[in-house]
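Structure file work.txt with compact mmCIF, C-alpha atoms:
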# COMPACT_ATOMS: atom_id res chain seq x y z
CA MET A 176 -27.57 12.12 -1.36
CA ASN A 177 -29.08 14.61 -3.80
CA LYS A 178 -30.25 12.48 -6.74
CA THR A 179 -30.76 15.60 -8.84
CA ILE A 180 -27.00 15.46 -9.43
CA LEU A 181 -27.67 12.41 -11.63
CA ASN A 182 -29.72 14.46 -14.11
CA THR A 183 -28.27 14.21 -17.62
CA ASP A 184 -27.44 17.91 -18.00
CA ILE A 185 -25.69 18.10 -14.62
CA GLN A 186 -23.70 14.92 -15.33
CA PHE A 187 -22.67 16.40 -18.68
CA PHE A 188 -21.55 19.60 -16.92
CA ILE A 189 -19.49 17.59 -14.38
CA LYS A 190 -17.71 15.64 -17.13
CA THR A 191 -17.03 18.60 -19.41
CA ASN A 192 -15.61 20.69 -16.54
CA GLU A 193 -13.18 18.03 -15.37
CA ASN A 194 -10.17 20.26 -16.10
CA SER A 195 -11.74 23.61 -15.21
CA ILE A 196 -10.24 25.80 -12.50
CA ILE A 197 -12.29 25.14 -9.37
CA GLY A 198 -11.96 28.71 -8.08
CA ASP A 199 -13.36 30.09 -11.35
CA LEU A 200 -16.33 27.69 -11.23
CA LEU A 201 -17.18 28.69 -7.66
CA LEU A 202 -16.92 32.37 -8.57
CA LYS A 203 -18.96 32.11 -11.75
CA GLY A 204 -21.54 29.67 -10.40
CA THR A 205 -23.86 27.46 -12.46
CA SER A 206 -27.34 27.82 -13.91
CA PHE A 207 -28.78 24.78 -12.11
CA SER A 208 -31.46 25.76 -9.62
CA ASP A 209 -31.89 22.37 -7.90
CA VAL A 210 -28.23 21.84 -6.98
CA ASP A 211 -25.88 24.49 -5.61
CA THR A 212 -22.53 25.15 -7.27
CA LYS A 213 -20.50 23.97 -4.25
CA THR A 214 -22.09 20.49 -4.42
CA ILE A 215 -21.41 20.20 -8.15
CA VAL A 216 -17.81 21.34 -7.67
CA GLU A 217 -17.36 18.66 -4.98
CA GLN A 218 -18.48 16.04 -7.52
CA ILE A 219 -16.01 17.39 -10.09
CA GLU A 220 -13.13 17.31 -7.58
CA ALA A 221 -13.94 13.80 -6.34
CA ARG A 222 -14.37 12.47 -9.88
CA LYS A 223 -11.03 13.99 -10.91
CA ARG A 224 -9.28 12.31 -7.96
CA SER A 225 -10.76 8.99 -9.09
CA LYS A 226 -9.35 9.15 -12.61
CA SER A 227 -6.21 7.13 -11.94
CA LYS A 228 -7.06 5.61 -8.54
CA LEU A 229 -10.55 4.36 -9.46
CA SER A 230 -10.64 4.21 -13.24
CA THR A 231 -13.63 1.81 -13.34
CA TRP A 232 -15.74 4.33 -11.41
CA PHE A 233 -14.40 7.21 -13.51
CA LYS A 234 -15.37 5.45 -16.76
CA THR A 235 -18.84 4.39 -15.58
CA SER A 236 -21.85 6.64 -16.23
CA ASN A 237 -23.97 8.10 -13.41
CA ILE A 238 -21.52 7.44 -10.61
CA TYR A 239 -22.24 9.49 -7.49
CA TYR A 240 -19.11 10.59 -5.67
CA PRO A 241 -18.72 11.14 -1.92
CA ASN A 242 -16.51 13.85 -0.42
CA LYS A 243 -12.78 14.05 -1.17
CA LEU A 244 -11.83 12.48 2.19
CA ASN A 245 -13.69 9.26 1.33
CA ILE A 246 -11.84 9.08 -2.01
CA GLU A 247 -8.48 9.67 -0.29
CA GLN A 248 -9.12 7.00 2.36
CA THR A 249 -10.45 4.28 0.07
CA SER A 250 -8.35 1.45 -1.35
CA SER A 251 -7.13 1.93 -4.89
CA GLU A 252 -8.38 -0.49 -7.52
CA THR A 253 -4.84 -1.83 -7.78
CA THR A 254 -4.66 -2.92 -4.13
CA ALA A 255 -8.34 -3.97 -3.99
CA LYS A 256 -7.83 -6.33 -6.93
CA TYR A 257 -4.69 -7.77 -5.35
CA LYS A 258 -6.32 -8.49 -1.98
CA SER A 259 -9.48 -9.95 -3.55
CA GLU A 260 -7.38 -12.54 -5.36
CA LEU A 261 -6.00 -13.75 -2.01
CA LEU A 262 -9.46 -14.77 -0.80
CA LYS A 263 -12.14 -17.15 -2.02
CA GLY A 264 -15.39 -18.69 -0.84
CA ASN A 265 -19.14 -18.24 -0.98
CA SER A 266 -19.61 -15.33 1.43
CA ILE A 267 -17.67 -12.37 2.79
CA ILE A 268 -18.66 -9.41 4.96
CA ASP A 269 -16.85 -6.07 4.93
CA LEU A 270 -17.47 -4.52 8.35
CA THR A 271 -16.10 -1.08 7.40
CA GLY A 272 -17.32 -0.83 3.79
CA GLY A 273 -16.57 2.82 3.03
CA PHE A 274 -16.77 3.68 -0.68
CA GLY A 275 -16.99 -0.02 -1.53
CA VAL A 276 -13.92 -0.49 -3.74
CA ASP A 277 -12.79 -3.61 -1.86
CA CYS A 278 -16.33 -5.03 -1.91
CA PHE A 279 -16.60 -4.49 -5.66
CA TYR A 280 -13.53 -6.67 -6.20
CA PHE A 281 -14.64 -9.20 -3.56
CA SER A 282 -17.85 -9.58 -5.59
CA LYS A 283 -15.78 -11.06 -8.41
CA GLN A 284 -14.49 -13.83 -6.09
CA PHE A 285 -17.49 -14.54 -3.82
CA LYS A 286 -21.13 -15.45 -4.45
CA THR A 287 -22.42 -13.00 -1.84
CA VAL A 288 -20.82 -9.88 -0.37
CA THR A 289 -22.18 -7.87 2.57
CA HIS A 290 -21.15 -4.21 2.78
CA CYS A 291 -21.64 -2.51 6.17
CA GLU A 292 -21.30 1.26 6.39
CA ILE A 293 -22.37 3.32 9.41
CA ASN A 294 -22.63 6.61 7.46
CA GLU A 295 -26.16 6.73 6.01
CA THR A 296 -25.33 9.02 3.07
CA LEU A 297 -22.23 7.05 2.09
CA SER A 298 -24.14 3.76 2.32
CA GLU A 299 -26.82 5.16 -0.01
CA ILE A 300 -24.17 6.43 -2.47
CA VAL A 301 -22.40 3.06 -2.51
CA SER A 302 -25.65 1.17 -3.06
CA HIS A 303 -26.46 3.38 -6.06
CA ASN A 304 -22.95 2.97 -7.50
CA PHE A 305 -23.02 -0.81 -7.20
CA GLN A 306 -26.14 -0.77 -9.39
CA GLN A 307 -24.33 1.32 -12.00
CA LEU A 308 -21.35 -1.05 -11.83
CA LYS A 309 -23.70 -4.06 -12.15
CA ALA A 310 -22.33 -5.60 -8.97
CA ASN A 311 -25.61 -7.29 -8.15
CA ASN A 312 -24.32 -9.78 -5.57
CA ILE A 313 -23.43 -7.09 -3.00
CA LYS A 314 -25.87 -6.37 -0.18
CA THR A 315 -25.44 -2.93 1.40
CA ILE A 316 -26.46 -2.38 5.03
CA ASN A 317 -26.44 1.04 6.70
CA THR A 318 -25.08 -0.06 10.07
CA ASP A 319 -22.03 -0.36 12.28
CA GLY A 320 -20.37 -3.63 11.26
CA ILE A 321 -19.50 -4.73 14.81
CA ALA A 322 -23.04 -3.96 16.02
CA TYR A 323 -24.42 -5.97 13.08
CA LEU A 324 -22.38 -9.05 14.06
CA LYS A 325 -23.57 -8.80 17.68
CA THR A 326 -27.18 -9.32 16.58
CA SER A 327 -26.58 -11.59 13.57
CA LYS A 328 -26.59 -15.39 13.49
CA ASN A 329 -24.96 -15.51 10.03
CA ARG A 330 -21.61 -17.13 9.44
CA PHE A 331 -19.26 -16.06 6.65
CA ASP A 332 -16.34 -17.67 4.85
CA TRP A 333 -14.38 -14.44 5.39
CA ILE A 334 -14.60 -11.27 7.46
CA TYR A 335 -12.78 -8.20 6.14
CA ILE A 336 -12.17 -5.11 8.24
CA ASP A 337 -10.28 -1.86 7.65
CA PRO A 338 -10.37 -0.03 11.00
CA SER A 339 -10.26 3.76 10.87
CA ARG A 340 -6.96 5.28 11.91
CA ARG A 341 -8.62 8.55 12.87
CA HIS A 342 -9.48 8.47 16.57
CA ASP A 343 -12.02 10.95 17.97
CA SER A 344 -9.71 12.15 20.75
CA LYS A 345 -6.22 10.87 19.80
CA GLY A 346 -6.21 12.06 16.18
CA LYS A 347 -4.31 9.88 13.70
CA VAL A 348 -3.31 6.56 15.29
CA PHE A 349 -1.43 3.42 14.24
CA PHE A 350 -1.81 0.85 17.04
CA LEU A 351 -4.74 -1.50 16.40
CA ILE A 352 -6.11 -0.98 19.90
CA ASP A 353 -6.42 2.76 19.16
CA CYS A 354 -8.20 2.31 15.80
CA LEU A 355 -11.97 2.31 15.37
CA PRO A 356 -13.25 -0.30 15.76
CA ASN A 357 -10.79 -1.80 18.21
CA VAL A 358 -10.15 -5.10 16.42
CA PRO A 359 -8.18 -6.87 19.21
CA GLU A 360 -11.05 -6.16 21.61
CA HIS A 361 -13.60 -7.77 19.24
CA LEU A 362 -11.61 -10.80 18.03
CA GLU A 363 -13.79 -13.30 19.91
CA LEU A 364 -16.91 -11.84 18.27
CA LEU A 365 -15.31 -11.91 14.81
CA PHE A 366 -14.21 -15.55 15.17
CA SER A 367 -17.71 -16.53 16.28
CA HIS A 368 -18.90 -15.56 12.75
CA SER A 369 -15.95 -16.77 10.65
CA LYS A 370 -12.74 -18.74 11.04
CA ASN A 371 -10.99 -16.50 8.47
CA ILE A 372 -10.33 -12.79 8.98
CA MET A 373 -8.41 -10.25 6.90
CA ILE A 374 -7.46 -6.94 8.49
CA LYS A 375 -6.07 -3.99 6.54
CA THR A 376 -3.78 -1.69 8.50
CA SER A 377 -1.50 1.27 7.99
CA PRO A 378 1.92 0.48 6.49
CA LEU A 379 3.39 2.26 9.52
CA LEU A 380 2.22 -0.43 11.95
CA ASP A 381 5.21 -2.35 13.31
CA LEU A 382 4.88 -6.07 12.50
CA SER A 383 5.89 -7.22 15.98
CA VAL A 384 3.37 -4.84 17.56
CA GLY A 385 0.55 -6.09 15.33
CA ILE A 386 1.44 -9.73 16.06
CA GLY A 387 1.39 -8.92 19.77
CA GLU A 388 -2.05 -7.30 19.53
CA LEU A 389 -3.69 -10.08 17.49
CA LYS A 390 -4.26 -13.86 17.71
CA TYR A 391 -3.84 -16.68 15.19
CA VAL A 392 -1.88 -14.61 12.65
CA LYS A 393 -1.22 -16.88 9.68
CA THR A 394 0.11 -14.55 6.96
CA ILE A 395 1.06 -10.89 6.69
CA HIS A 396 0.95 -9.42 3.18
CA ILE A 397 3.00 -6.26 2.65
CA VAL A 398 1.62 -4.49 -0.41
CA ALA A 399 3.59 -1.81 -2.24
CA VAL A 400 2.66 -0.02 -5.48
CA ASN A 401 5.53 1.43 -7.51
CA ASN A 402 7.86 0.95 -4.54
CA GLU A 403 5.64 2.71 -1.98
CA VAL A 404 4.14 0.51 0.75
CA LYS A 405 0.39 1.17 0.72
CA GLU A 406 -1.07 -1.34 3.17
CA LEU A 407 -0.48 -4.33 5.41
CA LEU A 408 -2.95 -7.22 5.17
CA TRP A 409 -3.19 -9.50 8.20
CA VAL A 410 -4.72 -12.94 7.59
CA LEU A 411 -5.99 -14.63 10.75
CA GLU A 412 -7.18 -18.23 10.89
CA LEU A 413 -8.93 -19.54 14.01
CA GLY A 414 -6.65 -21.95 15.87
CA PHE A 415 -3.58 -21.33 13.68
CA LYS A 416 -0.38 -21.90 15.67
CA ASP A 417 2.26 -22.57 13.00
CA GLN A 418 4.99 -20.22 11.73
CA ILE A 419 3.85 -16.82 10.43
CA SER A 420 4.44 -16.35 6.70
CA ILE A 421 5.37 -12.93 5.31
CA GLU A 422 4.50 -12.27 1.67
CA THR A 423 5.74 -9.09 0.03
CA VAL A 424 4.62 -7.68 -3.30
CA ASN A 425 5.65 -4.57 -5.20
CA ILE A 426 2.99 -4.01 -7.86
CA LYS A 427 4.42 -2.38 -10.97
CA LYS A 428 2.87 -1.51 -14.30
CA GLU A 429 4.61 -4.27 -16.22
CA SER A 430 5.00 -6.95 -13.51
CA ASN A 431 4.95 -7.70 -9.79
CA ASP A 432 8.02 -8.33 -7.63
CA THR A 433 7.30 -10.90 -4.91
CA PHE A 434 9.27 -12.38 -2.04
CA LYS A 435 8.09 -14.79 0.67
CA PHE A 436 9.63 -16.05 3.89
CA ASN A 437 8.76 -17.28 7.38
CA LEU A 438 9.25 -14.87 10.25
CA GLU A 439 10.89 -17.48 12.48
CA GLU A 440 13.36 -18.47 9.74
CA GLU A 441 14.43 -14.82 9.37
CA LYS A 442 15.19 -14.66 13.10
CA LEU A 443 17.22 -17.87 13.01
CA SER A 444 19.16 -17.24 9.79
CA ASP A 445 22.16 -15.04 9.11
CA SER A 446 23.63 -13.36 6.04
CA GLU A 447 26.99 -14.01 4.42
CA TYR A 448 29.09 -10.90 3.80
CA SER A 449 31.37 -9.77 1.01
CA LEU A 450 33.07 -6.71 -0.36
CA PRO A 451 31.25 -5.40 -3.49
CA LEU A 452 31.39 -7.82 -6.43
CA THR A 453 30.04 -7.29 -9.98
CA TYR A 454 26.40 -6.46 -9.22
CA LEU A 455 24.63 -4.47 -6.52
CA TYR A 456 21.04 -5.03 -5.33
CA GLU A 457 18.71 -2.69 -3.45
CA PRO A 458 15.56 -4.35 -2.01
CA ASN A 459 12.18 -2.77 -2.76
CA ALA A 460 10.15 -0.97 -0.08
CA ALA A 461 7.96 -4.02 0.72
CA VAL A 462 10.98 -6.24 1.40
CA LEU A 463 12.56 -3.54 3.57
CA LYS A 464 9.32 -3.13 5.54
CA ALA A 465 9.21 -6.90 6.04
CA GLY A 466 12.74 -6.89 7.48
CA ALA A 467 13.75 -9.87 5.28
CA PHE A 468 17.40 -8.93 5.52
CA ASN A 469 18.83 -12.41 6.13
CA GLN A 470 16.30 -14.49 4.19
CA ILE A 471 16.82 -12.50 0.99
CA SER A 472 20.54 -13.20 1.27
CA LYS A 473 19.99 -16.90 2.00
CA GLN A 474 17.21 -17.65 -0.51
CA LEU A 475 18.77 -15.75 -3.42
CA LYS A 476 22.36 -16.72 -2.57
CA LEU A 477 23.56 -13.13 -2.29
CA TYR A 478 26.21 -11.53 -0.11
CA LYS A 479 25.37 -8.59 2.10
CA LEU A 480 27.70 -5.57 2.16
CA GLN A 481 27.32 -4.91 5.88
CA LYS A 482 24.85 -5.83 8.63
CA HIS A 483 23.06 -2.45 8.63
CA SER A 484 23.56 -1.42 4.98
CA HIS A 485 20.80 -3.66 3.51
CA LEU A 486 22.54 -3.75 0.13
CA TYR A 487 23.52 -7.02 -1.54
CA THR A 488 26.06 -8.15 -4.11
CA SER A 489 26.90 -11.05 -6.45
CA ASN A 490 29.05 -11.94 -9.44
CA GLN A 491 26.11 -13.28 -11.46
CA LEU A 492 23.06 -11.14 -12.28
CA ILE A 493 19.83 -12.54 -10.79
CA ASP A 494 16.12 -11.69 -10.85
CA PHE A 495 15.71 -9.58 -7.72
CA PRO A 496 12.74 -8.02 -5.84
CA GLY A 497 14.06 -4.50 -6.12
CA ARG A 498 16.65 -2.67 -8.21
CA ALA A 499 19.79 -4.25 -9.72
CA PHE A 500 22.91 -2.32 -10.73
CA LYS A 501 26.22 -3.04 -12.44
CA ILE A 502 29.12 -1.76 -10.33
CA GLU A 503 31.35 0.32 -12.61
CA ASN A 504 33.71 1.65 -9.96
CA LEU A 505 34.34 1.62 -6.21
CA ILE A 506 36.18 4.34 -4.36
CA PRO A 507 36.82 5.13 -0.70
CA TYR A 508 34.69 7.96 0.62
CA ASN A 509 36.82 11.09 0.54
CA LYS A 510 36.65 14.43 -1.20
CA LYS A 511 39.79 13.90 -3.28
CA ALA A 512 38.66 10.56 -4.77
CA LEU A 513 35.21 11.88 -5.64
CA LYS A 514 36.45 15.14 -7.16
CA LYS A 515 38.86 13.18 -9.35
CA LEU A 516 35.86 11.43 -11.02
CA ALA A 517 34.33 14.85 -11.87
CA ILE A 518 30.75 13.62 -11.51
CA THR A 519 28.37 16.57 -11.85
CA LYS A 520 25.07 14.69 -12.36
CA ALA A 521 23.89 11.41 -10.82
CA ASN A 522 21.19 9.67 -8.81
CA VAL A 523 22.33 9.52 -5.18
CA THR A 524 21.32 6.96 -2.52
CA THR A 525 22.62 6.52 1.02
CA ARG A 526 22.46 3.30 3.05
CA ASN A 527 23.95 3.12 6.55
CA PHE A 528 25.79 6.39 5.97
CA PRO A 529 26.15 9.41 8.30
CA GLU A 530 25.34 12.12 5.73
CA THR A 531 22.05 12.73 3.92
CA VAL A 532 21.55 12.76 0.16
CA GLN A 533 21.03 16.53 0.22
CA GLN A 534 24.18 17.12 2.24
CA LEU A 535 26.21 15.05 -0.26
CA ARG A 536 24.69 16.81 -3.27
CA THR A 537 25.60 20.18 -1.79
CA LYS A 538 29.06 19.08 -0.68
CA PHE A 539 30.08 17.59 -4.04
CA LYS A 540 27.89 19.78 -6.31
CA ILE A 541 26.07 16.80 -7.85
CA LYS A 542 22.82 17.51 -9.68
CA ASP A 543 20.00 14.95 -9.70
CA GLY A 544 19.39 12.66 -12.71
CA GLY A 545 21.32 10.92 -15.44
CA ASP A 546 22.29 7.28 -15.95
CA ARG A 547 24.73 7.01 -13.08
CA TYR A 548 23.67 5.82 -9.60
CA LEU A 549 25.94 6.60 -6.67
CA PHE A 550 25.56 4.55 -3.48
CA PHE A 551 27.18 6.03 -0.38
CA THR A 552 27.37 3.20 2.15
CA THR A 553 29.51 1.22 4.61
CA ASP A 554 31.21 -2.08 3.73
CA MET A 555 31.83 -5.24 5.79
CA ASN A 556 35.06 -3.74 7.15
CA ASN A 557 33.09 -0.69 8.36
CA GLN A 558 34.79 1.50 5.74
CA LYS A 559 32.75 4.28 4.13
CA ILE A 560 32.68 3.72 0.36
CA VAL A 561 31.05 5.08 -2.79
CA LEU A 562 29.77 2.68 -5.46
CA ILE A 563 29.44 4.14 -8.95
CA THR A 564 26.85 2.06 -10.78
CA THR A 565 24.51 1.89 -13.76
CA LYS A 566 21.20 0.02 -13.99
CA ALA A 567 21.68 -3.67 -14.81

Would you kindly transcribe this structure into structure tokens?
Amino acid sequence: MNKTILNTDIQFFIKTNENSIIGDLLLKGTSFSDVDTKTIVEQIEARKRSKSKLSTWFKTSNIYYPNKLNIEQTSSETTAKYKSELLKGNSIIDLTGGFGVDCFYFSKQFKTVTHCEINETLSEIVSHNFQQLKANNIKTINTDGIAYLKTSKNRFDWIYIDPSRRHDSKGKVFFLIDCLPNVPEHLELLFSHSKNIMIKTSPLLDLSVGIGELKYVKTIHIVAVNNEVKELLWVLELGFKDQISIETVNIKKESNDTFKFNLEEEKLSDSEYSLPLTYLYEPNAAVLKAGAFNQISKQLKLYKLQKHSHLYTSNQLIDFPGRAFKIENLIPYNKKALKKLAITKANVTTRNFPETVQQLRTKFKIKDGGDRYLFFTTDMNNQKIVLITTKA
């Protein structure tokens, strides 16, 4: 960490060149003798990437930024705030602290927060930034979190861990046993220091695989932001043997869509089916990842169009965790019926349909956009249909 970067004139240069062309800056160079141009440019790039993802850091003076990879890998403030509100207590330790975004939000819920980071430079950067952010109840330790627990006698209300999905020899991985650290291998150690553990994993991890790799899974939170699943949060409680609860959230600018169910109930329940009625519903990405295909039908009293279509229908409009549409027309899927409607512009979606969106756009010369939403799908009688809808 080169503290010269924090000099007033260099900080001013970084802020005023936020929108400059990086290639031009590297070519032209700077007049600062104590810091090379490449290092300053790295600060500009990292700060720029933080503008929407880490607005608190972006707005705070004298923040020192790590490399771009650390910014890309860190939690966003949106997801960090969400997960911090799920936990409470006096003490929490983050075994894989990284840039410290999660710890910053944990510090608003806990009296003491311990941030472990094996990278010496990153640990120093984070410690400096916490001072700028006035997060005075966070203790930073430059160490491997697992190694720290092996020599520590401390107990914590919560342990948080976000294992790296970049393996030294295997490249990018998704199974927990392939991540670093190997959480399943160290569960006994973790539970010897806390009865409550939260693990953040890739959204690509299969729920059944994760459950098989872990013990005492109590709740799985599936977190989406603007309909893109960002992370899975696994809550483990020592000795827990009851049904696993799945909680989905799609965080939007104006509100959050939530849906909860028990995994065992989903397995034991079934959907009721119907031909399309007045309204059509498309679950959000978090619900789809959760596989809540029967519970969403049962809890919200909706009919499903077909077992594999994952679209729902009703005569009455309801509040739904996803998108709701008014069905304006229904036609069988064939070229003649579609051409007769003369639709040249629409939003196209396929569900349980043999052709892709792009193939359909090309075939029927439909441009993207407009107020119409076409759903190409299969109904309960296994007939291919097209639903012409508008947003409800």

Find, counting only C-alpha atoms, the residue in A:Asn294, A:Asn312, A:Thr287, A:Ser449 that gets nearest to A:Lys476.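 Nearest candidate to A:Lys476 out of A:Asn294, A:Asn312, A:Thr287, A:Ser449: A:Ser449.
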
Residues within 10 Å of (-17.2, 25.6, -6.8), counting only C-alpha atoms, listed as number ranges by chain: A: 196-205, 211-220

Dump C-alpha atoms for the selected residues as an mmCIF file, keeping the file's coordinate frame?
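The new file again_32.cif reads:
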data_model
loop_
_atom_site.group_PDB
_atom_site.id
_atom_site.type_symbol
_atom_site.label_atom_id
_atom_site.label_comp_id
_atom_site.auth_asym_id
_atom_site.auth_seq_id
_atom_site.Cartn_x
_atom_site.Cartn_y
_atom_site.Cartn_z
ATOM 1 C CA ILE A 196 -10.240 25.800 -12.500
ATOM 2 C CA ILE A 197 -12.290 25.140 -9.370
ATOM 3 C CA GLY A 198 -11.960 28.710 -8.080
ATOM 4 C CA ASP A 199 -13.360 30.090 -11.350
ATOM 5 C CA LEU A 200 -16.330 27.690 -11.230
ATOM 6 C CA LEU A 201 -17.180 28.690 -7.660
ATOM 7 C CA LEU A 202 -16.920 32.370 -8.570
ATOM 8 C CA LYS A 203 -18.960 32.110 -11.750
ATOM 9 C CA GLY A 204 -21.540 29.670 -10.400
ATOM 10 C CA THR A 205 -23.860 27.460 -12.460
ATOM 11 C CA ASP A 211 -25.880 24.490 -5.610
ATOM 12 C CA THR A 212 -22.530 25.150 -7.270
ATOM 13 C CA LYS A 213 -20.500 23.970 -4.250
ATOM 14 C CA THR A 214 -22.090 20.490 -4.420
ATOM 15 C CA ILE A 215 -21.410 20.200 -8.150
ATOM 16 C CA VAL A 216 -17.810 21.340 -7.670
ATOM 17 C CA GLU A 217 -17.360 18.660 -4.980
ATOM 18 C CA GLN A 218 -18.480 16.040 -7.520
ATOM 19 C CA ILE A 219 -16.010 17.390 -10.090
ATOM 20 C CA GLU A 220 -13.130 17.310 -7.580
#

Expected answer as a list in words: all residues with atoms within 12 Å of (-13.7, -12.8, 17.7), all atoms listed in the file: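 Here the neighbourhood of the point contains Ile321, Leu324, Lys325, Ile334, Asn357, Val358, Pro359, Glu360, His361, Leu362, Glu363, Leu364, Leu365, Phe366, Ser367, His368, Ser369, Lys370, Asn371, Ile372, Leu389, Lys390, Tyr391, Leu411, Glu412, Leu413 and Gly414 of chain A.
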
Contacts of A:Tyr454 at 6 Å (all atoms listed in the file; same-chain gap of 6+ positions) as a list in words: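 What passes the distance filter is Thr488, Ser489, Phe500, Lys501 and Ile502 of chain A.
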
Which residues are near stretch 180-188 of chain A? Cut-off 8 Å, all atoms listed in the file, ignore same chain within fewer than 3 positions. Put them as a list of chain:residue names. A:Asn177, A:Thr191, A:Asn192, A:Phe207, A:Val210, A:Ile215, A:Asn237, A:Ile238, A:Tyr239

Within 10 Å of A:Asp445, counting all atoms listed in the file, which residues qualify if same-chain residues fewer than 2 places away don't, as an NGL selection string? :A and (440-443 or 447-448 or 468-470 or 472-473 or 482)

Residues just named, written with C-alpha atoms as a compact mmCIF listing (two decimals), in the coordinates of the input:
# COMPACT_ATOMS: atom_id res chain seq x y z
CA GLU A 440 13.36 -18.47 9.74
CA GLU A 441 14.43 -14.82 9.37
CA LYS A 442 15.19 -14.66 13.10
CA LEU A 443 17.22 -17.87 13.01
CA GLU A 447 26.99 -14.01 4.42
CA TYR A 448 29.09 -10.90 3.80
CA PHE A 468 17.40 -8.93 5.52
CA ASN A 469 18.83 -12.41 6.13
CA GLN A 470 16.30 -14.49 4.19
CA SER A 472 20.54 -13.20 1.27
CA LYS A 473 19.99 -16.90 2.00
CA LYS A 482 24.85 -5.83 8.63

Go through A:Ser250, A:Thr179, A:Asn522, A:Asn329 and flag the residue nearest A:Val398, using all atoms listed in the file for the distances. A:Ser250
